[in-house]
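**Student:** Provided herewith: my_file18.txt, compact mmCIF, N, CA and C atoms.
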```txt
# COMPACT_ATOMS: atom_id res chain seq x y z
N MET A 1 208.79 128.56 206.54
CA MET A 1 208.24 128.10 205.28
C MET A 1 208.73 129.00 204.17
N PHE A 2 208.88 128.40 203.01
CA PHE A 2 209.36 129.22 201.91
C PHE A 2 208.23 130.09 201.39
N LEU A 3 208.58 131.21 200.86
CA LEU A 3 207.66 132.20 200.30
C LEU A 3 206.71 132.82 201.32
N ASN A 4 206.94 132.64 202.59
CA ASN A 4 206.10 133.20 203.66
C ASN A 4 204.62 132.88 203.47
N LEU A 5 204.32 131.66 203.10
CA LEU A 5 202.94 131.22 202.95
C LEU A 5 202.38 130.82 204.31
N THR A 6 201.09 131.02 204.49
CA THR A 6 200.45 130.54 205.71
C THR A 6 200.35 129.02 205.62
N ALA A 7 200.09 128.37 206.74
CA ALA A 7 199.98 126.91 206.76
C ALA A 7 198.87 126.43 205.84
N LYS A 8 197.76 127.15 205.81
CA LYS A 8 196.64 126.76 204.96
C LYS A 8 197.01 126.85 203.48
N HIS A 9 197.68 127.94 203.09
CA HIS A 9 198.11 128.09 201.70
C HIS A 9 199.18 127.06 201.34
N MET A 10 200.08 126.78 202.27
CA MET A 10 201.12 125.78 202.02
C MET A 10 200.50 124.40 201.83
N LEU A 11 199.49 124.09 202.63
CA LEU A 11 198.80 122.81 202.49
C LEU A 11 198.14 122.71 201.12
N SER A 12 197.46 123.75 200.70
CA SER A 12 196.79 123.75 199.39
C SER A 12 197.80 123.65 198.25
N LEU A 13 198.85 124.43 198.32
CA LEU A 13 199.87 124.42 197.27
C LEU A 13 200.56 123.06 197.20
N SER A 14 200.96 122.53 198.33
CA SER A 14 201.66 121.23 198.34
C SER A 14 200.75 120.11 197.85
N SER A 15 199.49 120.14 198.25
CA SER A 15 198.54 119.11 197.79
C SER A 15 198.35 119.20 196.28
N ALA A 16 198.19 120.42 195.77
CA ALA A 16 198.00 120.59 194.32
C ALA A 16 199.23 120.14 193.55
N LEU A 17 200.41 120.49 194.02
CA LEU A 17 201.63 120.06 193.34
C LEU A 17 201.82 118.55 193.40
N SER A 18 201.43 117.95 194.51
CA SER A 18 201.51 116.50 194.64
C SER A 18 200.62 115.81 193.61
N VAL A 19 199.38 116.29 193.49
CA VAL A 19 198.45 115.71 192.51
C VAL A 19 198.96 115.96 191.09
N LEU A 20 199.48 117.14 190.84
CA LEU A 20 200.01 117.47 189.51
C LEU A 20 201.14 116.52 189.12
N PHE A 21 202.12 116.35 190.02
CA PHE A 21 203.25 115.47 189.71
C PHE A 21 202.83 114.00 189.63
N LEU A 22 201.85 113.62 190.41
CA LEU A 22 201.32 112.27 190.30
C LEU A 22 200.72 112.05 188.92
N GLY A 23 199.96 113.03 188.45
CA GLY A 23 199.38 112.97 187.10
C GLY A 23 200.45 112.93 186.02
N VAL A 24 201.49 113.74 186.18
CA VAL A 24 202.59 113.74 185.21
C VAL A 24 203.28 112.38 185.18
N GLY A 25 203.46 111.79 186.36
CA GLY A 25 204.09 110.47 186.43
C GLY A 25 203.25 109.40 185.75
N VAL A 26 201.96 109.40 185.99
CA VAL A 26 201.06 108.43 185.34
C VAL A 26 201.05 108.66 183.84
N TYR A 27 200.99 109.91 183.42
CA TYR A 27 201.02 110.23 181.98
C TYR A 27 202.32 109.73 181.35
N GLY A 28 203.43 109.89 182.04
CA GLY A 28 204.71 109.43 181.52
C GLY A 28 204.78 107.92 181.37
N ILE A 29 204.13 107.19 182.26
CA ILE A 29 204.10 105.73 182.16
C ILE A 29 203.20 105.28 181.01
N LEU A 30 202.05 105.93 180.88
CA LEU A 30 201.08 105.51 179.87
C LEU A 30 201.48 105.89 178.45
N SER A 31 202.23 106.96 178.27
CA SER A 31 202.67 107.37 176.94
C SER A 31 204.15 107.07 176.79
N ASP A 32 204.53 106.63 175.63
CA ASP A 32 205.93 106.26 175.39
C ASP A 32 206.77 107.49 175.10
N ASP A 33 207.82 107.66 175.87
CA ASP A 33 208.80 108.74 175.67
C ASP A 33 208.17 110.12 175.53
N ALA A 34 207.12 110.38 176.28
CA ALA A 34 206.46 111.68 176.18
C ALA A 34 207.11 112.74 177.06
N LEU A 35 207.86 112.31 178.07
CA LEU A 35 208.47 113.26 179.00
C LEU A 35 209.98 113.36 178.75
N PRO A 36 210.55 114.54 178.95
CA PRO A 36 212.00 114.69 178.77
C PRO A 36 212.80 114.20 179.99
N PHE A 37 212.11 113.63 180.98
CA PHE A 37 212.76 113.11 182.18
C PHE A 37 212.07 111.80 182.55
N PRO A 38 212.72 110.95 183.34
CA PRO A 38 212.09 109.68 183.73
C PRO A 38 210.82 109.93 184.55
N SER A 39 209.81 109.12 184.32
CA SER A 39 208.53 109.34 185.01
C SER A 39 208.64 109.11 186.51
N PHE A 40 209.62 108.29 186.96
CA PHE A 40 209.75 108.08 188.40
C PHE A 40 210.13 109.38 189.11
N SER A 41 210.78 110.30 188.40
CA SER A 41 211.12 111.60 189.00
C SER A 41 209.86 112.37 189.39
N ALA A 42 208.82 112.23 188.58
CA ALA A 42 207.55 112.89 188.91
C ALA A 42 206.93 112.25 190.14
N PHE A 43 207.06 110.93 190.27
CA PHE A 43 206.52 110.26 191.46
C PHE A 43 207.28 110.67 192.72
N VAL A 44 208.59 110.83 192.61
CA VAL A 44 209.40 111.29 193.75
C VAL A 44 208.96 112.69 194.16
N ALA A 45 208.74 113.57 193.19
CA ALA A 45 208.27 114.92 193.49
C ALA A 45 206.88 114.87 194.12
N ALA A 46 206.02 113.97 193.65
CA ALA A 46 204.68 113.85 194.21
C ALA A 46 204.75 113.42 195.68
N VAL A 47 205.61 112.48 196.00
CA VAL A 47 205.77 112.04 197.39
C VAL A 47 206.32 113.18 198.24
N PHE A 48 207.30 113.91 197.73
CA PHE A 48 207.87 115.04 198.46
C PHE A 48 206.78 116.06 198.81
N PHE A 49 205.98 116.44 197.83
CA PHE A 49 204.94 117.45 198.09
C PHE A 49 203.83 116.90 198.97
N ALA A 50 203.56 115.61 198.89
CA ALA A 50 202.56 115.01 199.79
C ALA A 50 203.06 115.08 201.24
N LEU A 51 204.33 114.77 201.46
CA LEU A 51 204.90 114.87 202.81
C LEU A 51 204.91 116.31 203.30
N GLN A 52 205.22 117.24 202.41
CA GLN A 52 205.18 118.66 202.78
C GLN A 52 203.77 119.08 203.16
N ALA A 53 202.78 118.55 202.45
CA ALA A 53 201.38 118.85 202.78
C ALA A 53 201.02 118.34 204.17
N VAL A 54 201.47 117.14 204.49
CA VAL A 54 201.20 116.58 205.81
C VAL A 54 201.85 117.45 206.89
N ARG A 55 203.08 117.91 206.65
CA ARG A 55 203.77 118.75 207.63
C ARG A 55 203.12 120.12 207.78
N SER A 56 202.26 120.50 206.83
CA SER A 56 201.60 121.81 206.89
C SER A 56 200.23 121.75 207.55
N THR A 57 199.80 120.58 207.99
CA THR A 57 198.48 120.47 208.60
C THR A 57 198.49 121.00 210.03
N ASP A 58 197.32 121.39 210.50
CA ASP A 58 197.19 121.86 211.89
C ASP A 58 197.50 120.75 212.89
N LYS A 59 197.15 119.53 212.54
CA LYS A 59 197.40 118.39 213.44
C LYS A 59 198.90 118.20 213.65
N PHE A 60 199.67 118.29 212.57
CA PHE A 60 201.12 118.14 212.69
C PHE A 60 201.72 119.31 213.47
N ALA A 61 201.21 120.52 213.23
CA ALA A 61 201.70 121.69 213.95
C ALA A 61 201.43 121.57 215.45
N ALA A 62 200.25 121.07 215.80
CA ALA A 62 199.93 120.89 217.22
C ALA A 62 200.80 119.80 217.84
N LYS A 63 201.05 118.76 217.09
CA LYS A 63 201.85 117.64 217.58
C LYS A 63 203.30 118.06 217.81
N THR A 64 203.82 118.95 216.97
CA THR A 64 205.22 119.36 217.08
C THR A 64 205.42 120.67 217.83
N ALA A 65 204.39 121.17 218.48
CA ALA A 65 204.51 122.41 219.25
C ALA A 65 205.52 122.21 220.38
N LEU A 66 206.21 123.27 220.73
CA LEU A 66 207.23 123.17 221.79
C LEU A 66 206.65 122.69 223.11
N SER A 67 205.40 123.00 223.38
CA SER A 67 204.79 122.56 224.63
C SER A 67 204.63 121.04 224.67
N ASN A 68 204.59 120.39 223.52
CA ASN A 68 204.52 118.93 223.46
C ASN A 68 205.88 118.29 223.22
N THR A 69 206.83 119.08 222.78
CA THR A 69 208.15 118.56 222.43
C THR A 69 209.11 118.59 223.62
N LEU A 70 209.09 119.67 224.39
CA LEU A 70 209.97 119.82 225.55
C LEU A 70 209.13 119.82 226.82
N ILE A 71 209.33 118.80 227.65
CA ILE A 71 208.59 118.67 228.90
C ILE A 71 209.59 118.36 230.01
N ALA A 72 209.49 119.07 231.12
CA ALA A 72 210.42 118.86 232.23
C ALA A 72 209.67 118.55 233.51
N THR A 73 210.29 117.70 234.31
CA THR A 73 209.84 117.47 235.68
C THR A 73 210.94 118.03 236.58
N ASN A 74 210.87 117.75 237.86
CA ASN A 74 211.90 118.24 238.77
C ASN A 74 213.25 117.57 238.54
N THR A 75 213.25 116.38 237.95
CA THR A 75 214.50 115.63 237.80
C THR A 75 214.86 115.30 236.35
N HIS A 76 213.92 115.38 235.43
CA HIS A 76 214.18 114.95 234.06
C HIS A 76 213.65 115.94 233.02
N LEU A 77 214.27 115.91 231.86
CA LEU A 77 213.81 116.64 230.69
C LEU A 77 213.47 115.61 229.63
N LYS A 78 212.25 115.69 229.12
CA LYS A 78 211.82 114.77 228.07
C LYS A 78 211.75 115.56 226.76
N VAL A 79 212.50 115.09 225.76
CA VAL A 79 212.53 115.72 224.45
C VAL A 79 211.96 114.72 223.45
N THR A 80 210.96 115.16 222.70
CA THR A 80 210.31 114.30 221.72
C THR A 80 210.48 114.91 220.34
N GLN A 81 210.93 114.10 219.39
CA GLN A 81 211.08 114.53 218.00
C GLN A 81 209.97 113.88 217.17
N PHE A 82 209.40 114.64 216.25
CA PHE A 82 208.32 114.11 215.43
C PHE A 82 208.59 114.21 213.94
N TYR A 83 209.76 114.69 213.53
CA TYR A 83 209.96 114.97 212.11
C TYR A 83 209.82 113.73 211.23
N TYR A 84 210.57 112.70 211.50
CA TYR A 84 210.55 111.52 210.64
C TYR A 84 209.84 110.37 211.33
N SER A 85 210.06 110.22 212.57
CA SER A 85 209.34 109.25 213.38
C SER A 85 209.32 109.79 214.80
N SER A 86 208.43 109.29 215.59
CA SER A 86 208.34 109.77 216.96
C SER A 86 209.46 109.14 217.79
N LYS A 87 210.37 109.98 218.27
CA LYS A 87 211.50 109.52 219.07
C LYS A 87 211.54 110.34 220.35
N GLU A 88 211.61 109.65 221.46
CA GLU A 88 211.56 110.31 222.76
C GLU A 88 212.84 110.00 223.53
N GLN A 89 213.40 111.04 224.18
CA GLN A 89 214.61 110.87 224.97
C GLN A 89 214.39 111.49 226.34
N LEU A 90 214.69 110.74 227.39
CA LEU A 90 214.55 111.22 228.76
C LEU A 90 215.95 111.50 229.31
N LEU A 91 216.21 112.75 229.72
CA LEU A 91 217.52 113.18 230.19
C LEU A 91 217.45 113.64 231.63
N GLU A 92 218.45 113.27 232.43
CA GLU A 92 218.50 113.73 233.82
C GLU A 92 218.98 115.18 233.85
N LEU A 93 218.24 116.04 234.53
CA LEU A 93 218.58 117.46 234.58
C LEU A 93 219.92 117.72 235.25
N ASN A 94 220.27 116.93 236.27
CA ASN A 94 221.52 117.19 236.98
C ASN A 94 222.75 116.82 236.15
N ARG A 95 222.59 116.08 235.05
CA ARG A 95 223.72 115.74 234.16
C ARG A 95 223.89 116.75 233.02
N ILE A 96 222.87 117.58 232.77
CA ILE A 96 222.93 118.53 231.66
C ILE A 96 223.80 119.72 232.06
N THR A 97 224.81 120.01 231.23
CA THR A 97 225.70 121.13 231.52
C THR A 97 225.55 122.28 230.53
N GLU A 98 225.01 121.99 229.35
CA GLU A 98 224.89 123.05 228.35
C GLU A 98 223.80 122.71 227.33
N PHE A 99 223.10 123.76 226.92
CA PHE A 99 222.16 123.68 225.81
C PHE A 99 222.70 124.54 224.68
N LYS A 100 222.71 124.01 223.47
CA LYS A 100 223.04 124.80 222.29
C LYS A 100 221.80 124.83 221.43
N VAL A 101 221.36 126.05 221.08
CA VAL A 101 220.07 126.22 220.43
C VAL A 101 220.24 126.99 219.12
N ALA A 102 219.52 126.54 218.10
CA ALA A 102 219.40 127.26 216.83
C ALA A 102 217.97 127.05 216.34
N ASP A 103 217.62 127.68 215.26
CA ASP A 103 216.28 127.46 214.70
C ASP A 103 216.12 125.99 214.35
N ASN A 104 215.06 125.38 214.87
CA ASN A 104 214.73 123.97 214.63
C ASN A 104 215.80 122.99 215.12
N TYR A 105 216.57 123.37 216.13
CA TYR A 105 217.68 122.53 216.59
C TYR A 105 217.94 122.76 218.08
N LEU A 106 218.20 121.65 218.77
CA LEU A 106 218.59 121.71 220.18
C LEU A 106 219.66 120.65 220.42
N ALA A 107 220.79 121.07 220.97
CA ALA A 107 221.83 120.13 221.39
C ALA A 107 221.90 120.19 222.91
N VAL A 108 221.99 119.02 223.51
CA VAL A 108 222.08 118.92 224.97
C VAL A 108 223.41 118.25 225.29
N ILE A 109 224.29 118.96 226.00
CA ILE A 109 225.61 118.46 226.37
C ILE A 109 225.53 117.94 227.80
N LEU A 110 226.04 116.73 228.01
CA LEU A 110 225.98 116.10 229.32
C LEU A 110 227.37 116.02 229.95
N ASP A 111 227.44 116.13 231.25
CA ASP A 111 228.63 115.86 232.06
C ASP A 111 229.88 116.63 231.63
N ARG A 112 229.73 117.82 231.08
CA ARG A 112 230.84 118.70 230.70
C ARG A 112 231.90 118.01 229.82
N ASN A 113 231.50 117.03 229.03
CA ASN A 113 232.49 116.33 228.22
C ASN A 113 232.28 116.51 226.71
N GLY A 114 231.39 117.37 226.32
CA GLY A 114 231.14 117.59 224.90
C GLY A 114 230.26 116.55 224.25
N GLN A 115 229.93 115.51 224.99
CA GLN A 115 229.06 114.45 224.48
C GLN A 115 227.62 114.78 224.86
N GLY A 116 226.69 114.36 224.02
CA GLY A 116 225.29 114.63 224.35
C GLY A 116 224.37 114.19 223.23
N TYR A 117 223.31 114.93 223.06
CA TYR A 117 222.27 114.57 222.10
C TYR A 117 221.94 115.78 221.22
N ASP A 118 221.62 115.50 219.97
CA ASP A 118 221.16 116.51 219.03
C ASP A 118 219.71 116.20 218.68
N PHE A 119 218.88 117.23 218.70
CA PHE A 119 217.46 117.05 218.41
C PHE A 119 217.03 118.04 217.34
N GLN A 120 216.19 117.59 216.44
CA GLN A 120 215.53 118.47 215.49
C GLN A 120 214.12 118.69 216.03
N ILE A 121 213.89 119.89 216.53
CA ILE A 121 212.57 120.23 217.04
C ILE A 121 212.11 121.50 216.34
N LYS A 122 210.83 121.58 216.12
CA LYS A 122 210.29 122.69 215.34
C LYS A 122 210.15 123.93 216.22
N GLY A 123 210.81 125.01 215.83
CA GLY A 123 210.69 126.26 216.57
C GLY A 123 211.87 127.18 216.33
N LYS A 124 211.63 128.46 216.48
CA LYS A 124 212.70 129.45 216.39
C LYS A 124 213.57 129.36 217.63
N SER A 125 214.81 129.78 217.52
CA SER A 125 215.74 129.67 218.65
C SER A 125 215.25 130.44 219.87
N ASP A 126 214.68 131.62 219.66
CA ASP A 126 214.17 132.40 220.79
C ASP A 126 213.05 131.65 221.52
N ALA A 127 212.18 131.01 220.77
CA ALA A 127 211.07 130.27 221.38
C ALA A 127 211.58 129.05 222.14
N ILE A 128 212.59 128.39 221.61
CA ILE A 128 213.15 127.22 222.30
C ILE A 128 213.82 127.65 223.59
N ILE A 129 214.59 128.74 223.55
CA ILE A 129 215.25 129.24 224.77
C ILE A 129 214.21 129.65 225.80
N GLU A 130 213.17 130.33 225.37
CA GLU A 130 212.11 130.74 226.29
C GLU A 130 211.43 129.53 226.93
N ARG A 131 211.18 128.50 226.12
CA ARG A 131 210.55 127.28 226.64
C ARG A 131 211.46 126.61 227.67
N LEU A 132 212.76 126.52 227.39
CA LEU A 132 213.68 125.91 228.35
C LEU A 132 213.72 126.69 229.65
N ASN A 133 213.75 128.02 229.56
CA ASN A 133 213.75 128.84 230.77
C ASN A 133 212.46 128.69 231.57
N ASP A 134 211.35 128.45 230.87
CA ASP A 134 210.06 128.30 231.56
C ASP A 134 209.91 126.96 232.26
N ILE A 135 210.43 125.89 231.67
CA ILE A 135 210.11 124.55 232.20
C ILE A 135 211.18 123.97 233.11
N ILE A 136 212.42 124.42 232.99
CA ILE A 136 213.48 123.85 233.82
C ILE A 136 213.55 124.62 235.13
N PRO A 137 213.60 123.89 236.26
CA PRO A 137 213.68 124.57 237.56
C PRO A 137 214.90 125.49 237.64
N HIS A 138 214.73 126.62 238.30
CA HIS A 138 215.77 127.65 238.35
C HIS A 138 217.07 127.15 239.00
N GLN A 139 216.99 126.26 239.98
CA GLN A 139 218.22 125.75 240.60
C GLN A 139 219.02 124.91 239.61
N GLU A 140 218.36 124.26 238.66
CA GLU A 140 219.08 123.49 237.64
C GLU A 140 219.67 124.42 236.57
N LEU A 141 218.99 125.53 236.29
CA LEU A 141 219.48 126.47 235.28
C LEU A 141 220.74 127.20 235.73
N LYS A 142 220.96 127.32 237.04
CA LYS A 142 222.15 127.99 237.55
C LYS A 142 223.42 127.26 237.12
N ASN A 143 223.35 125.93 236.99
CA ASN A 143 224.51 125.13 236.63
C ASN A 143 224.58 124.83 235.14
N THR A 144 223.67 125.40 234.36
CA THR A 144 223.57 125.08 232.94
C THR A 144 223.63 126.36 232.13
N SER A 145 224.38 126.30 231.02
CA SER A 145 224.42 127.46 230.14
C SER A 145 223.57 127.18 228.89
N ILE A 146 222.98 128.23 228.37
CA ILE A 146 222.19 128.14 227.13
C ILE A 146 222.86 129.04 226.11
N THR A 147 223.32 128.44 225.00
CA THR A 147 224.06 129.16 223.97
C THR A 147 223.30 129.10 222.65
N ARG A 148 223.19 130.24 221.99
CA ARG A 148 222.59 130.28 220.65
C ARG A 148 223.71 130.09 219.63
N VAL A 149 223.53 129.12 218.75
CA VAL A 149 224.56 128.87 217.71
C VAL A 149 224.04 129.24 216.33
```
Render the structure in this file as structure tokens.
**Tutor:**
Amino acid sequence: MFLNLTAKHMLSLSSALSVLFLGVGVYGILSDDALPFPSFSAFVAAVFFALQAVRSTDKFAAKTALSNTLIATNTHLKVTQFYYSSKEQLLELNRITEFKVADNYLAVILDRNGQGYDFQIKGKSDAIIERLNDIIPHQELKNTSITRV
């Protein structure tokens, strides 16, 4: 998060800015040429801050936790993305040859051909690597490399 704000402070700030820009947009519509910019720009900013406020809630944080995003069985890895819409992908562990990990990012390479899937998941790279090491069976990890990019 920018400015190292806590989730509670980010929620309050984003909500306040959303209401402020909504008010500026309504004021711009009701008064003729009162703003030096188009009033729709204020509405766009209001929507942006409203979405940021939603992403700062505890419910969203719990929903996007790595324990809910990366789930493995003995044969499959299930990756769920929640950023824009809920998207779930089920991957066979024996086809996975490489994981590439960065902050808020996971790439899964299949069949040693450079082809695979890219996921936006919430978490630091160290936490994602730790989660993968915890949930994937050790015999599958022997044939798979994990690279930080």
**Student:** Can you measure atom CA of A:Ala62 to atom C of A:Lys124 for me? One decimal in Å is fine.
**Tutor:**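 Computing it gives 16.1 Å between the two atoms.
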**Student:** Determine which residues of chain A receive a DSSP assignment of strand (DSSP E), computed from the backbone, and state them as a ChimeraX atom specification.
**Tutor:** /A:70-72,76-81,87-92,96-102,105-110,115-119,145-148
**Student:** Between A:Leu106, A:Ile121, A:Met10, A:Val47, which is the closest to A:Gln81 once you count all atoms listed in the file?
**Tutor:**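 Closest candidate: A:Ile121.
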**Student:** Contacts of stretch 25-31 of chain A at 5 Å or less, counting only N, CA and C atoms, minus same-chain residues fewer than 6 places along, as a compact mmCIF listing (two decimals) with N, CA and C atoms, in the coordinates of the input?
**Tutor:**
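What landed in around-v8.txt:
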```
# COMPACT_ATOMS: atom_id res chain seq x y z
N SER A 39 209.81 109.12 184.32
CA SER A 39 208.53 109.34 185.01
C SER A 39 208.64 109.11 186.51
N ALA A 42 208.82 112.23 188.58
CA ALA A 42 207.55 112.89 188.91
C ALA A 42 206.93 112.25 190.14
N PHE A 43 207.06 110.93 190.27
CA PHE A 43 206.52 110.26 191.46
C PHE A 43 207.28 110.67 192.72
```
**Student:** Could you tell me, as a PyMOL selection string, which residues of chain A DSSP assigns to helix (DSSP H, G or I) when given the backbone?
**Tutor:** chain A and resi 2-4+7-30+39-55+58-63+66-69+93-95+125-135+138-141
**Student:** Quote the spacing between atom CA of A:Ser14 and atom CA of A:Gln52 in Å to one decimal place.
**Tutor:**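 Between atom CA of A:Ser14 and atom CA of A:Gln52 the gap is 6.2 Å.
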**Student:** Could you work out how far atom CA of A:Thr64 lies from atom CA of A:Val101, giving the answer in Å with one decimal?
**Tutor:**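 Spanning atom CA of A:Val101 to atom CA of A:Thr64 is a straight-line distance of 16.7 Å.
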**Student:** Given the point (213.1, 116.5, 237.4) in the file's coordinates, find the residues that have an atom at most 8 Å from it, counting only N, CA and C atoms, and give them as a ChimeraX atom specification.
**Tutor:** /A:72-77,91-94,137
**Student:** Check the smallest atom-to-atom distance from each of A:Glu130, A:Ile109, A:Tyr117, A:Thr80 to A:Asn68 using all atoms listed in the file, then report the winner.
**Tutor:**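 Answer, going by the shortest atom-to-atom distance: A:Thr80.
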**Student:** Need the neighbours of (203.1, 122.4, 207.7): which residues are at most 8 Å away, counting only N, CA and C atoms, as a PDB file with N, CA and C atoms, in the coordinates of the input?
**Tutor:**
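Saved as out.pdb:
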```
ATOM      1  N   THR A   6     201.090 131.020 204.490  1.00  0.00           N
ATOM      2  CA  THR A   6     200.450 130.540 205.710  1.00  0.00           C
ATOM      3  C   THR A   6     200.350 129.020 205.620  1.00  0.00           C
ATOM      4  N   ALA A   7     200.090 128.370 206.740  1.00  0.00           N
ATOM      5  CA  ALA A   7     199.980 126.910 206.760  1.00  0.00           C
ATOM      6  C   ALA A   7     198.870 126.430 205.840  1.00  0.00           C
ATOM      7  N   LYS A   8     197.760 127.150 205.810  1.00  0.00           N
ATOM      8  CA  LYS A   8     196.640 126.760 204.960  1.00  0.00           C
ATOM      9  C   LYS A   8     197.010 126.850 203.480  1.00  0.00           C
ATOM     10  N   MET A  10     200.080 126.780 202.270  1.00  0.00           N
ATOM     11  CA  MET A  10     201.120 125.780 202.020  1.00  0.00           C
ATOM     12  C   MET A  10     200.500 124.400 201.830  1.00  0.00           C
ATOM     13  N   LEU A  11     199.490 124.090 202.630  1.00  0.00           N
ATOM     14  CA  LEU A  11     198.800 122.810 202.490  1.00  0.00           C
ATOM     15  C   LEU A  11     198.140 122.710 201.120  1.00  0.00           C
ATOM     16  N   LEU A  51     204.330 114.770 201.460  1.00  0.00           N
ATOM     17  CA  LEU A  51     204.900 114.870 202.810  1.00  0.00           C
ATOM     18  C   LEU A  51     204.910 116.310 203.300  1.00  0.00           C
ATOM     19  N   GLN A  52     205.220 117.240 202.410  1.00  0.00           N
ATOM     20  CA  GLN A  52     205.180 118.660 202.780  1.00  0.00           C
ATOM     21  C   GLN A  52     203.770 119.080 203.160  1.00  0.00           C
ATOM     22  N   ALA A  53     202.780 118.550 202.450  1.00  0.00           N
ATOM     23  CA  ALA A  53     201.380 118.850 202.780  1.00  0.00           C
ATOM     24  C   ALA A  53     201.020 118.340 204.170  1.00  0.00           C
ATOM     25  N   VAL A  54     201.470 117.140 204.490  1.00  0.00           N
ATOM     26  CA  VAL A  54     201.200 116.580 205.810  1.00  0.00           C
ATOM     27  C   VAL A  54     201.850 117.450 206.890  1.00  0.00           C
ATOM     28  N   ARG A  55     203.080 117.910 206.650  1.00  0.00           N
ATOM     29  CA  ARG A  55     203.770 118.750 207.630  1.00  0.00           C
ATOM     30  C   ARG A  55     203.120 120.120 207.780  1.00  0.00           C
ATOM     31  N   SER A  56     202.260 120.500 206.830  1.00  0.00           N
ATOM     32  CA  SER A  56     201.600 121.810 206.890  1.00  0.00           C
ATOM     33  C   SER A  56     200.230 121.750 207.550  1.00  0.00           C
ATOM     34  N   THR A  57     199.800 120.580 207.990  1.00  0.00           N
ATOM     35  CA  THR A  57     198.480 120.470 208.600  1.00  0.00           C
ATOM     36  C   THR A  57     198.490 121.000 210.030  1.00  0.00           C
ATOM     37  N   ASP A  58     197.320 121.390 210.500  1.00  0.00           N
ATOM     38  CA  ASP A  58     197.190 121.860 211.890  1.00  0.00           C
ATOM     39  C   ASP A  58     197.500 120.750 212.890  1.00  0.00           C
ATOM     40  N   PHE A  60     199.670 118.290 212.570  1.00  0.00           N
ATOM     41  CA  PHE A  60     201.120 118.140 212.690  1.00  0.00           C
ATOM     42  C   PHE A  60     201.720 119.310 213.470  1.00  0.00           C
ATOM     43  N   ALA A  61     201.210 120.520 213.230  1.00  0.00           N
ATOM     44  CA  ALA A  61     201.700 121.690 213.950  1.00  0.00           C
ATOM     45  C   ALA A  61     201.430 121.570 215.450  1.00  0.00           C
TER      46      ALA A  61
END
```
**Student:** Have a look at A:Leu5, A:Val44, A:Ile71, A:Gly116 and name the one nearest to A:Asn133; count only C-alpha atoms.
**Tutor:**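 Ranking A:Leu5, A:Val44, A:Ile71, A:Gly116 by distance to A:Asn133, first place goes to A:Ile71.
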**Student:** How big is the axis-aligned box, and where does its centre sit, when it encloses all atoms of stretch 36-54 of chain A listed in the file and has 5 Å added on every side, reported in Å to one decimal as JSON?
**Tutor:**
```
{"center_x": 206.9, "center_y": 113.6, "center_z": 192.8, "size_x": 21.8, "size_y": 21.0, "size_z": 38.1}
```
